[in-house]
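J.: Here it is, the structure, as structure tokens.
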Amino acid sequence: FDVGQLRAMLRFSAPLVPAGLAVFISLYINRFALNHFGSLEDVGHFGIGSRIAGLAALLILGIQAALTPLVYQHYRDPQTPGQIARLFSWFMAVALAGCLFLALFARELLMLFATPEFMAGAALVGVLAPSLLLSQMYIFAPGIAIAKKTHWQLWVTLLSATASVAGNWLLVPLWGIWGAALATLLASALFFFCWLLLSQRLYRIPYAWRALLLSSLGFVVCAGVGVQLEATGLALPLTLLLKSLLMCVLLGLVVICGLLPLADLRALLQQLRRRVSGSARV
């Protein structure tokens, strides 16, 4: 039995226990706030919106399982930071498109999986889907994990949980389910950007900030136009056509801004074509 080894293990793992509790509070305090200040109907609308938004998690599950061990293995290589930044840009291009798809077509998805009483939850997806991704994108900022600064992880999650509790306490009485959605988005954004700021001090990644900002603004504009489309009451075929055009606009924007460079896109398409051709021959 080695007391020194035990002390090192506890120093690393002990902060993760309250950090996990803080994450749980951040994720579910909105339900308690809605039940307290609103009604069970509000909880149901928020819950169904969260389930549709939760489809965005499929974008990050595979990357989360694959990226972390690779970073631990290769973080000393000089080309690794650039590769992480490139992967993050690719991921953000797909994530913004995925979140916009869920935001624009949430009502149509709910028509398939829910009754008309829950349609009010569709409008929340454009806020909740980015919230969910922001809470998981820390894997692209590995500095805290590499340096094993789990006490910093604790403070960031505690700050996020405090912001979530305060945000729900203040905003839910004012705006109901929209207040809960905004509080969730603010807490997730605070978590990610604080994590990113601390991680950059420990392991710097050259992110493409300009492309990320312009593409994110494009997502906000396209999602806002989609909300206005729902309010106009246009015929369903025309509404679907206009929503599809908004998707094309965002996809074009992420390429023009350089978030997904055209050369990289061509290389990906060529690689996909080769794989399809190889599978067809087999």
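Identifiers in this document derive from the order of the structure tokens: chains are assigned A, B, ..., residues are numbered from 1 separately in each chain, and ligands are numbered from 1 in order of occurrence.
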Write out as a VMD selection string which residues come within 10 Å of Gly167 (chain A) when counting only C-alpha atoms, dropping same-chain ones fewer than 3 positions away.
T.: chain A and resid 29 to 30 33 161 to 164 170 to 172 179 to 187
J.: Let me see the file: selected residues, N, CA, C and O atoms, as a PDB file, in the first residue's frame.
T.:
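Once written, result.pdb looks like this:
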ATOM      1  N   ILE A  29     -31.994  21.457 -13.211  1.00  0.00           N
ATOM      2  CA  ILE A  29     -32.622  22.465 -12.360  1.00  0.00           C
ATOM      3  C   ILE A  29     -33.767  23.157 -13.090  1.00  0.00           C
ATOM      4  O   ILE A  29     -34.723  23.637 -12.456  1.00  0.00           O
ATOM      5  N   ASN A  30     -33.704  23.206 -14.426  1.00  0.00           N
ATOM      6  CA  ASN A  30     -34.772  23.864 -15.178  1.00  0.00           C
ATOM      7  C   ASN A  30     -36.118  23.171 -14.996  1.00  0.00           C
ATOM      8  O   ASN A  30     -37.154  23.826 -14.936  1.00  0.00           O
ATOM      9  N   ALA A  33     -37.440  24.227 -11.639  1.00  0.00           N
ATOM     10  CA  ALA A  33     -37.891  25.612 -11.673  1.00  0.00           C
ATOM     11  C   ALA A  33     -39.221  25.749 -12.399  1.00  0.00           C
ATOM     12  O   ALA A  33     -40.122  26.476 -11.963  1.00  0.00           O
ATOM     13  N   ALA A 161     -23.171  25.625 -12.678  1.00  0.00           N
ATOM     14  CA  ALA A 161     -24.356  25.235 -11.919  1.00  0.00           C
ATOM     15  C   ALA A 161     -24.974  26.432 -11.209  1.00  0.00           C
ATOM     16  O   ALA A 161     -26.211  26.591 -11.171  1.00  0.00           O
ATOM     17  N   THR A 162     -24.130  27.298 -10.640  1.00  0.00           N
ATOM     18  CA  THR A 162     -24.637  28.503  -9.975  1.00  0.00           C
ATOM     19  C   THR A 162     -25.362  29.404 -10.966  1.00  0.00           C
ATOM     20  O   THR A 162     -26.442  29.946 -10.676  1.00  0.00           O
ATOM     21  N   ALA A 163     -24.775  29.582 -12.159  1.00  0.00           N
ATOM     22  CA  ALA A 163     -25.421  30.394 -13.189  1.00  0.00           C
ATOM     23  C   ALA A 163     -26.734  29.782 -13.635  1.00  0.00           C
ATOM     24  O   ALA A 163     -27.716  30.503 -13.884  1.00  0.00           O
ATOM     25  N   SER A 164     -26.793  28.448 -13.724  1.00  0.00           N
ATOM     26  CA  SER A 164     -28.029  27.781 -14.124  1.00  0.00           C
ATOM     27  C   SER A 164     -29.129  27.979 -13.085  1.00  0.00           C
ATOM     28  O   SER A 164     -30.274  28.286 -13.427  1.00  0.00           O
ATOM     29  N   LEU A 170     -34.399  33.512 -11.913  1.00  0.00           N
ATOM     30  CA  LEU A 170     -34.763  34.850 -12.362  1.00  0.00           C
ATOM     31  C   LEU A 170     -35.625  34.845 -13.625  1.00  0.00           C
ATOM     32  O   LEU A 170     -36.550  35.664 -13.755  1.00  0.00           O
ATOM     33  N   LEU A 171     -35.319  33.947 -14.574  1.00  0.00           N
ATOM     34  CA  LEU A 171     -35.941  34.024 -15.889  1.00  0.00           C
ATOM     35  C   LEU A 171     -37.222  33.206 -16.031  1.00  0.00           C
ATOM     36  O   LEU A 171     -38.118  33.592 -16.795  1.00  0.00           O
ATOM     37  N   VAL A 172     -37.315  32.081 -15.319  1.00  0.00           N
ATOM     38  CA  VAL A 172     -38.528  31.259 -15.456  1.00  0.00           C
ATOM     39  C   VAL A 172     -39.785  32.000 -15.002  1.00  0.00           C
ATOM     40  O   VAL A 172     -40.814  31.939 -15.683  1.00  0.00           O
ATOM     41  N   GLY A 179     -37.660  31.175 -20.576  1.00  0.00           N
ATOM     42  CA  GLY A 179     -36.690  31.547 -19.553  1.00  0.00           C
ATOM     43  C   GLY A 179     -35.803  30.377 -19.174  1.00  0.00           C
ATOM     44  O   GLY A 179     -34.584  30.530 -19.006  1.00  0.00           O
ATOM     45  N   ALA A 180     -36.401  29.184 -19.058  1.00  0.00           N
ATOM     46  CA  ALA A 180     -35.618  27.993 -18.746  1.00  0.00           C
ATOM     47  C   ALA A 180     -34.643  27.662 -19.868  1.00  0.00           C
ATOM     48  O   ALA A 180     -33.483  27.287 -19.628  1.00  0.00           O
ATOM     49  N   ALA A 181     -35.091  27.801 -21.116  1.00  0.00           N
ATOM     50  CA  ALA A 181     -34.221  27.513 -22.255  1.00  0.00           C
ATOM     51  C   ALA A 181     -33.052  28.495 -22.314  1.00  0.00           C
ATOM     52  O   ALA A 181     -31.901  28.096 -22.534  1.00  0.00           O
ATOM     53  N   LEU A 182     -33.335  29.776 -22.108  1.00  0.00           N
ATOM     54  CA  LEU A 182     -32.266  30.782 -22.138  1.00  0.00           C
ATOM     55  C   LEU A 182     -31.287  30.590 -20.989  1.00  0.00           C
ATOM     56  O   LEU A 182     -30.069  30.745 -21.159  1.00  0.00           O
ATOM     57  N   ALA A 183     -31.797  30.242 -19.800  1.00  0.00           N
ATOM     58  CA  ALA A 183     -30.912  29.988 -18.658  1.00  0.00           C
ATOM     59  C   ALA A 183     -30.004  28.790 -18.940  1.00  0.00           C
ATOM     60  O   ALA A 183     -28.811  28.806 -18.598  1.00  0.00           O
ATOM     61  N   THR A 184     -30.548  27.764 -19.582  1.00  0.00           N
ATOM     62  CA  THR A 184     -29.747  26.597 -19.945  1.00  0.00           C
ATOM     63  C   THR A 184     -28.669  26.964 -20.943  1.00  0.00           C
ATOM     64  O   THR A 184     -27.510  26.536 -20.824  1.00  0.00           O
ATOM     65  N   LEU A 185     -29.023  27.782 -21.939  1.00  0.00           N
ATOM     66  CA  LEU A 185     -28.038  28.206 -22.938  1.00  0.00           C
ATOM     67  C   LEU A 185     -26.934  29.048 -22.302  1.00  0.00           C
ATOM     68  O   LEU A 185     -25.740  28.848 -22.575  1.00  0.00           O
ATOM     69  N   LEU A 186     -27.293  29.983 -21.447  1.00  0.00           N
ATOM     70  CA  LEU A 186     -26.305  30.845 -20.807  1.00  0.00           C
ATOM     71  C   LEU A 186     -25.359  30.040 -19.923  1.00  0.00           C
ATOM     72  O   LEU A 186     -24.136  30.274 -19.920  1.00  0.00           O
ATOM     73  N   ALA A 187     -25.905  29.084 -19.151  1.00  0.00           N
ATOM     74  CA  ALA A 187     -25.058  28.266 -18.276  1.00  0.00           C
ATOM     75  C   ALA A 187     -24.107  27.397 -19.094  1.00  0.00           C
ATOM     76  O   ALA A 187     -22.925  27.255 -18.750  1.00  0.00           O
TER      77      ALA A 187
END
J.: Can you tell me which residues surround region 109-121 of chain A at a distance of at most 8 Å, considering only C-alpha atoms, apart from same-chain residues fewer than 5 positions away, and format the answer as a list of chain:residue names?
T.: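 Within the cut-off, the hits are A:Gly44, A:His45, A:Phe46, A:Gly47, A:Ile48, A:Gly49, A:Ile52.
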J.: Write a file of the selected residues as a PDB file, in the first residue's frame, keeping N, CA, C and O atoms.
T.:
ATOM      1  N   GLY A  44     -43.601  19.411 -19.441  1.00  0.00           N
ATOM      2  CA  GLY A  44     -43.783  18.533 -20.590  1.00  0.00           C
ATOM      3  C   GLY A  44     -43.310  19.174 -21.882  1.00  0.00           C
ATOM      4  O   GLY A  44     -42.629  18.539 -22.695  1.00  0.00           O
ATOM      5  N   HIS A  45     -43.662  20.456 -22.094  1.00  0.00           N
ATOM      6  CA  HIS A  45     -43.213  21.161 -23.301  1.00  0.00           C
ATOM      7  C   HIS A  45     -41.695  21.269 -23.336  1.00  0.00           C
ATOM      8  O   HIS A  45     -41.070  21.049 -24.386  1.00  0.00           O
ATOM      9  N   PHE A  46     -41.104  21.613 -22.207  1.00  0.00           N
ATOM     10  CA  PHE A  46     -39.651  21.732 -22.146  1.00  0.00           C
ATOM     11  C   PHE A  46     -38.994  20.371 -22.353  1.00  0.00           C
ATOM     12  O   PHE A  46     -37.975  20.254 -23.055  1.00  0.00           O
ATOM     13  N   GLY A  47     -39.575  19.333 -21.777  1.00  0.00           N
ATOM     14  CA  GLY A  47     -39.011  17.993 -21.898  1.00  0.00           C
ATOM     15  C   GLY A  47     -39.024  17.487 -23.329  1.00  0.00           C
ATOM     16  O   GLY A  47     -38.041  16.902 -23.800  1.00  0.00           O
ATOM     17  N   ILE A  48     -40.123  17.720 -24.051  1.00  0.00           N
ATOM     18  CA  ILE A  48     -40.184  17.226 -25.429  1.00  0.00           C
ATOM     19  C   ILE A  48     -39.243  18.022 -26.324  1.00  0.00           C
ATOM     20  O   ILE A  48     -38.605  17.476 -27.228  1.00  0.00           O
ATOM     21  N   GLY A  49     -39.109  19.337 -26.046  1.00  0.00           N
ATOM     22  CA  GLY A  49     -38.123  20.132 -26.791  1.00  0.00           C
ATOM     23  C   GLY A  49     -36.707  19.646 -26.532  1.00  0.00           C
ATOM     24  O   GLY A  49     -35.876  19.582 -27.449  1.00  0.00           O
ATOM     25  N   ILE A  52     -36.008  16.393 -28.590  1.00  0.00           N
ATOM     26  CA  ILE A  52     -35.677  16.648 -29.994  1.00  0.00           C
ATOM     27  C   ILE A  52     -34.280  17.256 -30.093  1.00  0.00           C
ATOM     28  O   ILE A  52     -33.467  16.866 -30.942  1.00  0.00           O
TER      29      ILE A  52
END
J.: Which residues of region 78-136 of chain A have any atom within 8 Å of an atom in region 208-223 of chain A when counting only C-alpha atoms, and what is the closest pair of atoms for each, with the distance in Å to one decimal? Order the rows by chain and rising number and write it as a Markdown table.
T.:
| residue | atom | partner | partner_atom | distance |
| --- | --- | --- | --- | --- |
| A:Ala85 | CA | A:Ala208 | CA | 7.3 |
| A:Ser89 | CA | A:Ala208 | CA | 7.1 |
| A:Met92 | CA | A:Leu212 | CA | 7.6 |
| A:Ala93 | CA | A:Ser215 | CA | 7.9 |
| A:Leu96 | CA | A:Phe219 | CA | 6.5 |
| A:Ala97 | CA | A:Phe219 | CA | 7.9 |
| A:Leu100 | CA | A:Ala223 | CA | 6.3 |
| A:Ala103 | CA | A:Ala223 | CA | 6.7 |
| A:Leu104 | CA | A:Ala223 | CA | 6.9 |
| A:Gly126 | CA | A:Ala223 | CA | 6.7 |
J.: Write the selection just made, keeping N, CA, C and O atoms, as an mmCIF file, in the first residue's frame?
T.:
data_model
loop_
_atom_site.group_PDB
_atom_site.id
_atom_site.type_symbol
_atom_site.label_atom_id
_atom_site.label_comp_id
_atom_site.auth_asym_id
_atom_site.auth_seq_id
_atom_site.Cartn_x
_atom_site.Cartn_y
_atom_site.Cartn_z
ATOM 1 N N ALA A 85 -7.631 21.764 -33.893
ATOM 2 C CA ALA A 85 -8.341 22.954 -34.374
ATOM 3 C C ALA A 85 -9.074 22.661 -35.677
ATOM 4 O O ALA A 85 -10.211 23.104 -35.878
ATOM 5 N N SER A 89 -13.142 22.742 -36.288
ATOM 6 C CA SER A 89 -13.801 23.518 -37.340
ATOM 7 C C SER A 89 -14.745 22.633 -38.151
ATOM 8 O O SER A 89 -15.876 23.026 -38.453
ATOM 9 N N MET A 92 -17.777 21.870 -36.001
ATOM 10 C CA MET A 92 -18.677 23.007 -35.862
ATOM 11 C C MET A 92 -19.486 23.228 -37.133
ATOM 12 O O MET A 92 -20.666 23.613 -37.071
ATOM 13 N N ALA A 93 -18.885 23.003 -38.292
ATOM 14 C CA ALA A 93 -19.630 23.139 -39.545
ATOM 15 C C ALA A 93 -20.799 22.160 -39.578
ATOM 16 O O ALA A 93 -21.934 22.528 -39.918
ATOM 17 N N LEU A 96 -23.414 23.086 -36.567
ATOM 18 C CA LEU A 96 -24.290 24.216 -36.857
ATOM 19 C C LEU A 96 -25.378 23.817 -37.837
ATOM 20 O O LEU A 96 -26.551 24.193 -37.677
ATOM 21 N N ALA A 97 -25.003 23.046 -38.862
ATOM 22 C CA ALA A 97 -26.003 22.577 -39.823
ATOM 23 C C ALA A 97 -27.005 21.637 -39.149
ATOM 24 O O ALA A 97 -28.219 21.717 -39.396
ATOM 25 N N LEU A 100 -29.325 23.645 -36.886
ATOM 26 C CA LEU A 100 -30.294 24.404 -37.685
ATOM 27 C C LEU A 100 -31.366 23.485 -38.242
ATOM 28 O O LEU A 100 -32.553 23.850 -38.264
ATOM 29 N N ALA A 103 -33.725 22.815 -35.470
ATOM 30 C CA ALA A 103 -34.508 24.006 -35.149
ATOM 31 C C ALA A 103 -35.590 24.264 -36.195
ATOM 32 O O ALA A 103 -36.732 24.595 -35.859
ATOM 33 N N LEU A 104 -35.231 24.115 -37.472
ATOM 34 C CA LEU A 104 -36.178 24.418 -38.546
ATOM 35 C C LEU A 104 -37.268 23.371 -38.678
ATOM 36 O O LEU A 104 -38.428 23.701 -38.969
ATOM 37 N N GLY A 126 -34.202 25.374 -31.159
ATOM 38 C CA GLY A 126 -33.125 26.227 -31.650
ATOM 39 C C GLY A 126 -32.242 26.774 -30.553
ATOM 40 O O GLY A 126 -31.096 27.186 -30.812
#
J.: Residues at most 12 Å from region 64-75 of chain A, counting only C-alpha atoms, excluding those fewer than 6 positions away in the same chain, as an mmCIF file with all heavy atoms, in the first residue's frame?
T.:
data_model
loop_
_atom_site.group_PDB
_atom_site.id
_atom_site.type_symbol
_atom_site.label_atom_id
_atom_site.label_comp_id
_atom_site.auth_asym_id
_atom_site.auth_seq_id
_atom_site.Cartn_x
_atom_site.Cartn_y
_atom_site.Cartn_z
ATOM 1 N N ALA A 57 -26.817 15.392 -29.826
ATOM 2 C CA ALA A 57 -25.751 14.671 -29.123
ATOM 3 C C ALA A 57 -25.142 13.579 -29.981
ATOM 4 O O ALA A 57 -23.987 13.177 -29.763
ATOM 5 C CB ALA A 57 -26.297 14.072 -27.831
ATOM 6 N N LEU A 58 -25.896 13.077 -30.967
ATOM 7 C CA LEU A 58 -25.361 12.045 -31.854
ATOM 8 C C LEU A 58 -24.157 12.560 -32.636
ATOM 9 O O LEU A 58 -23.318 11.769 -33.073
ATOM 10 C CB LEU A 58 -26.450 11.577 -32.828
ATOM 11 C CG LEU A 58 -27.693 10.941 -32.183
ATOM 12 C CD1 LEU A 58 -28.731 10.617 -33.247
ATOM 13 C CD2 LEU A 58 -27.318 9.694 -31.395
ATOM 14 N N PRO A 81 -1.978 20.218 -31.961
ATOM 15 C CA PRO A 81 -2.896 21.355 -31.771
ATOM 16 C C PRO A 81 -3.592 21.797 -33.055
ATOM 17 O O PRO A 81 -4.792 22.076 -33.066
ATOM 18 C CB PRO A 81 -1.987 22.448 -31.211
ATOM 19 C CG PRO A 81 -0.872 21.712 -30.543
ATOM 20 C CD PRO A 81 -0.648 20.511 -31.400
ATOM 21 N N GLY A 82 -2.840 21.850 -34.160
ATOM 22 C CA GLY A 82 -3.440 22.228 -35.432
ATOM 23 C C GLY A 82 -4.476 21.222 -35.901
ATOM 24 O O GLY A 82 -5.519 21.597 -36.464
ATOM 25 N N GLN A 83 -4.207 19.941 -35.675
ATOM 26 C CA GLN A 83 -5.164 18.916 -36.073
ATOM 27 C C GLN A 83 -6.443 18.997 -35.241
ATOM 28 O O GLN A 83 -7.553 18.802 -35.760
ATOM 29 C CB GLN A 83 -4.521 17.535 -35.937
ATOM 30 C CG GLN A 83 -3.413 17.283 -36.955
ATOM 31 C CD GLN A 83 -2.709 15.964 -36.730
ATOM 32 O OE1 GLN A 83 -2.851 15.323 -35.684
ATOM 33 N NE2 GLN A 83 -1.924 15.538 -37.713
ATOM 34 N N ILE A 84 -6.307 19.291 -33.943
ATOM 35 C CA ILE A 84 -7.495 19.452 -33.100
ATOM 36 C C ILE A 84 -8.319 20.652 -33.563
ATOM 37 O O ILE A 84 -9.557 20.590 -33.640
ATOM 38 C CB ILE A 84 -7.085 19.609 -31.624
ATOM 39 C CG1 ILE A 84 -6.443 18.317 -31.108
ATOM 40 C CG2 ILE A 84 -8.299 19.969 -30.762
ATOM 41 C CD1 ILE A 84 -5.894 18.428 -29.697
ATOM 42 N N LEU A 87 -10.145 19.697 -36.748
ATOM 43 C CA LEU A 87 -11.262 18.811 -36.440
ATOM 44 C C LEU A 87 -12.415 19.580 -35.799
ATOM 45 O O LEU A 87 -13.588 19.342 -36.100
ATOM 46 C CB LEU A 87 -10.795 17.688 -35.515
ATOM 47 C CG LEU A 87 -11.863 16.669 -35.087
ATOM 48 C CD1 LEU A 87 -12.445 15.962 -36.299
ATOM 49 C CD2 LEU A 87 -11.271 15.650 -34.109
ATOM 50 N N PHE A 88 -12.068 20.533 -34.935
ATOM 51 C CA PHE A 88 -13.103 21.341 -34.293
ATOM 52 C C PHE A 88 -13.858 22.182 -35.318
ATOM 53 O O PHE A 88 -15.084 22.321 -35.239
ATOM 54 C CB PHE A 88 -12.472 22.245 -33.235
ATOM 55 C CG PHE A 88 -13.461 23.098 -32.495
ATOM 56 C CD1 PHE A 88 -14.481 22.510 -31.753
ATOM 57 C CD2 PHE A 88 -13.387 24.479 -32.532
ATOM 58 C CE1 PHE A 88 -15.406 23.299 -31.059
ATOM 59 C CE2 PHE A 88 -14.286 25.268 -31.847
ATOM 60 C CZ PHE A 88 -15.303 24.673 -31.116
ATOM 61 N N PHE A 91 -16.127 19.873 -37.145
ATOM 62 C CA PHE A 91 -17.253 19.504 -36.281
ATOM 63 C C PHE A 91 -18.258 20.644 -36.176
ATOM 64 O O PHE A 91 -19.474 20.429 -36.242
ATOM 65 C CB PHE A 91 -16.746 19.136 -34.884
ATOM 66 C CG PHE A 91 -17.855 19.009 -33.872
ATOM 67 C CD1 PHE A 91 -18.636 17.867 -33.824
ATOM 68 C CD2 PHE A 91 -18.140 20.043 -32.985
ATOM 69 C CE1 PHE A 91 -19.676 17.749 -32.912
ATOM 70 C CE2 PHE A 91 -19.162 19.939 -32.084
ATOM 71 C CZ PHE A 91 -19.940 18.785 -32.044
ATOM 72 N N LEU A 133 -24.838 20.928 -27.085
ATOM 73 C CA LEU A 133 -23.512 20.769 -27.678
ATOM 74 C C LEU A 133 -22.449 21.561 -26.923
ATOM 75 O O LEU A 133 -21.337 21.081 -26.728
ATOM 76 C CB LEU A 133 -23.546 21.194 -29.143
ATOM 77 C CG LEU A 133 -24.238 20.222 -30.102
ATOM 78 C CD1 LEU A 133 -24.197 20.757 -31.522
ATOM 79 C CD2 LEU A 133 -23.598 18.838 -30.046
ATOM 80 N N GLN A 136 -20.920 19.813 -24.113
ATOM 81 C CA GLN A 136 -20.112 18.633 -24.414
ATOM 82 C C GLN A 136 -18.848 18.944 -25.209
ATOM 83 O O GLN A 136 -17.997 18.075 -25.379
ATOM 84 C CB GLN A 136 -20.958 17.635 -25.225
ATOM 85 C CG GLN A 136 -22.207 17.141 -24.517
ATOM 86 C CD GLN A 136 -21.881 16.334 -23.272
ATOM 87 O OE1 GLN A 136 -20.932 15.540 -23.270
ATOM 88 N NE2 GLN A 136 -22.646 16.530 -22.220
ATOM 89 N N MET A 137 -18.693 20.178 -25.699
ATOM 90 C CA MET A 137 -17.589 20.483 -26.602
ATOM 91 C C MET A 137 -16.263 20.719 -25.888
ATOM 92 O O MET A 137 -15.267 21.080 -26.530
ATOM 93 C CB MET A 137 -17.944 21.694 -27.470
ATOM 94 C CG MET A 137 -19.008 21.381 -28.495
ATOM 95 S SD MET A 137 -19.237 22.640 -29.790
ATOM 96 C CE MET A 137 -19.279 24.159 -28.885
ATOM 97 N N TYR A 138 -16.217 20.514 -24.583
ATOM 98 C CA TYR A 138 -14.962 20.675 -23.856
ATOM 99 C C TYR A 138 -13.898 19.697 -24.332
ATOM 100 O O TYR A 138 -12.698 19.911 -24.090
ATOM 101 C CB TYR A 138 -15.204 20.481 -22.350
ATOM 102 C CG TYR A 138 -15.727 19.120 -21.981
ATOM 103 C CD1 TYR A 138 -14.859 18.065 -21.725
ATOM 104 C CD2 TYR A 138 -17.088 18.875 -21.901
ATOM 105 C CE1 TYR A 138 -15.322 16.812 -21.396
ATOM 106 C CE2 TYR A 138 -17.570 17.627 -21.562
ATOM 107 C CZ TYR A 138 -16.691 16.592 -21.319
ATOM 108 O OH TYR A 138 -17.164 15.348 -21.002
ATOM 109 N N ILE A 139 -14.304 18.635 -25.020
ATOM 110 C CA ILE A 139 -13.314 17.660 -25.501
ATOM 111 C C ILE A 139 -12.363 18.281 -26.522
ATOM 112 O O ILE A 139 -11.262 17.776 -26.730
ATOM 113 C CB ILE A 139 -13.987 16.419 -26.101
ATOM 114 C CG1 ILE A 139 -14.833 16.803 -27.322
ATOM 115 C CG2 ILE A 139 -14.833 15.700 -25.074
ATOM 116 C CD1 ILE A 139 -15.345 15.613 -28.104
ATOM 117 N N PHE A 140 -12.779 19.389 -27.157
ATOM 118 C CA PHE A 140 -11.912 20.059 -28.120
ATOM 119 C C PHE A 140 -10.992 21.076 -27.447
ATOM 120 O O PHE A 140 -10.246 21.775 -28.140
ATOM 121 C CB PHE A 140 -12.762 20.758 -29.180
ATOM 122 C CG PHE A 140 -13.550 19.812 -30.044
ATOM 123 C CD1 PHE A 140 -14.901 19.620 -29.830
ATOM 124 C CD2 PHE A 140 -12.932 19.106 -31.064
ATOM 125 C CE1 PHE A 140 -15.628 18.748 -30.618
ATOM 126 C CE2 PHE A 140 -13.648 18.228 -31.856
ATOM 127 C CZ PHE A 140 -15.002 18.050 -31.633
ATOM 128 N N ALA A 141 -11.051 21.173 -26.131
ATOM 129 C CA ALA A 141 -10.154 22.033 -25.358
ATOM 130 C C ALA A 141 -9.524 21.163 -24.267
ATOM 131 O O ALA A 141 -9.974 21.161 -23.115
ATOM 132 C CB ALA A 141 -10.918 23.202 -24.748
ATOM 133 N N PRO A 142 -8.502 20.373 -24.603
ATOM 134 C CA PRO A 142 -8.018 19.321 -23.702
ATOM 135 C C PRO A 142 -6.988 19.763 -22.673
ATOM 136 O O PRO A 142 -6.414 18.919 -21.980
ATOM 137 C CB PRO A 142 -7.390 18.319 -24.675
ATOM 138 C CG PRO A 142 -6.864 19.174 -25.782
ATOM 139 C CD PRO A 142 -7.827 20.332 -25.917
ATOM 140 N N GLY A 143 -6.723 21.062 -22.558
ATOM 141 C CA GLY A 143 -5.647 21.506 -21.676
ATOM 142 C C GLY A 143 -5.833 21.084 -20.229
ATOM 143 O O GLY A 143 -4.885 20.635 -19.564
ATOM 144 N N ILE A 144 -7.047 21.224 -19.695
ATOM 145 C CA ILE A 144 -7.308 20.871 -18.294
ATOM 146 C C ILE A 144 -7.094 19.379 -18.075
ATOM 147 O O ILE A 144 -6.513 18.959 -17.063
ATOM 148 C CB ILE A 144 -8.732 21.294 -17.902
ATOM 149 C CG1 ILE A 144 -8.842 22.824 -17.899
ATOM 150 C CG2 ILE A 144 -9.117 20.737 -16.544
ATOM 151 C CD1 ILE A 144 -10.231 23.346 -17.605
ATOM 152 N N ALA A 145 -7.556 18.561 -19.036
ATOM 153 C CA ALA A 145 -7.387 17.115 -18.899
ATOM 154 C C ALA A 145 -5.921 16.711 -19.005
ATOM 155 O O ALA A 145 -5.441 15.855 -18.242
ATOM 156 C CB ALA A 145 -8.211 16.400 -19.971
ATOM 157 N N ILE A 146 -5.198 17.328 -19.938
ATOM 158 C CA ILE A 146 -3.780 16.981 -20.109
ATOM 159 C C ILE A 146 -2.979 17.340 -18.857
ATOM 160 O O ILE A 146 -2.127 16.575 -18.407
ATOM 161 C CB ILE A 146 -3.215 17.704 -21.347
ATOM 162 C CG1 ILE A 146 -3.805 17.107 -22.621
ATOM 163 C CG2 ILE A 146 -1.697 17.616 -21.384
ATOM 164 C CD1 ILE A 146 -3.460 17.876 -23.883
ATOM 165 N N ALA A 147 -3.255 18.517 -18.303
ATOM 166 C CA ALA A 147 -2.532 18.965 -17.103
ATOM 167 C C ALA A 147 -3.070 18.350 -15.823
ATOM 168 O O ALA A 147 -2.503 18.570 -14.740
ATOM 169 C CB ALA A 147 -2.609 20.485 -17.005
ATOM 170 N N LYS A 148 -4.161 17.587 -15.928
ATOM 171 C CA LYS A 148 -4.787 16.922 -14.772
ATOM 172 C C LYS A 148 -5.205 17.929 -13.699
ATOM 173 O O LYS A 148 -5.122 17.661 -12.499
ATOM 174 C CB LYS A 148 -3.846 15.873 -14.179
ATOM 175 C CG LYS A 148 -3.460 14.779 -15.163
ATOM 176 C CD LYS A 148 -2.522 13.762 -14.560
ATOM 177 C CE LYS A 148 -2.123 12.707 -15.577
ATOM 178 N NZ LYS A 148 -1.193 11.704 -15.020
ATOM 179 N N LEU A 202 -3.123 26.286 -20.689
ATOM 180 C CA LEU A 202 -2.357 25.070 -20.429
ATOM 181 C C LEU A 202 -1.912 24.358 -21.704
ATOM 182 O O LEU A 202 -0.857 23.722 -21.731
ATOM 183 C CB LEU A 202 -3.196 24.107 -19.575
ATOM 184 C CG LEU A 202 -3.626 24.646 -18.206
ATOM 185 C CD1 LEU A 202 -4.669 23.723 -17.583
ATOM 186 C CD2 LEU A 202 -2.423 24.782 -17.285
ATOM 187 N N TYR A 203 -2.741 24.447 -22.745
ATOM 188 C CA TYR A 203 -2.434 23.749 -23.996
ATOM 189 C C TYR A 203 -3.132 24.522 -25.111
ATOM 190 O O TYR A 203 -4.327 24.363 -25.334
ATOM 191 C CB TYR A 203 -2.940 22.303 -23.944
ATOM 192 C CG TYR A 203 -2.479 21.435 -25.086
ATOM 193 C CD1 TYR A 203 -1.176 20.930 -25.114
ATOM 194 C CD2 TYR A 203 -3.339 21.113 -26.128
ATOM 195 C CE1 TYR A 203 -0.742 20.124 -26.168
ATOM 196 C CE2 TYR A 203 -2.919 20.310 -27.184
ATOM 197 C CZ TYR A 203 -1.621 19.817 -27.191
ATOM 198 O OH TYR A 203 -1.189 19.022 -28.233
ATOM 199 N N ARG A 204 -2.382 25.346 -25.812
ATOM 200 C CA ARG A 204 -2.979 26.286 -26.757
ATOM 201 C C ARG A 204 -3.361 25.599 -28.062
ATOM 202 O O ARG A 204 -2.559 24.868 -28.654
ATOM 203 C CB ARG A 204 -2.010 27.440 -27.032
ATOM 204 C CG ARG A 204 -2.636 28.556 -27.849
ATOM 205 C CD ARG A 204 -1.793 29.816 -27.780
ATOM 206 N NE ARG A 204 -2.468 30.919 -28.436
ATOM 207 C CZ ARG A 204 -3.416 31.654 -27.869
ATOM 208 N NH1 ARG A 204 -3.793 31.391 -26.633
ATOM 209 N NH2 ARG A 204 -3.994 32.634 -28.538
ATOM 210 N N ILE A 205 -4.596 25.876 -28.518
ATOM 211 C CA ILE A 205 -5.101 25.362 -29.784
ATOM 212 C C ILE A 205 -5.381 26.558 -30.699
ATOM 213 O O ILE A 205 -6.057 27.502 -30.288
ATOM 214 C CB ILE A 205 -6.402 24.553 -29.583
ATOM 215 C CG1 ILE A 205 -6.199 23.429 -28.557
ATOM 216 C CG2 ILE A 205 -6.897 23.985 -30.910
ATOM 217 C CD1 ILE A 205 -5.275 22.341 -28.992
#
J.: Once DSSP has gone over the backbone, tell me which residues of region 91-239 of chain A are in alpha helix (DSSP H), as a PyMOL selection string.
T.: chain A and resi 91-104+106-113+125-134+143-147+150-175+177-202+209-232+236-239
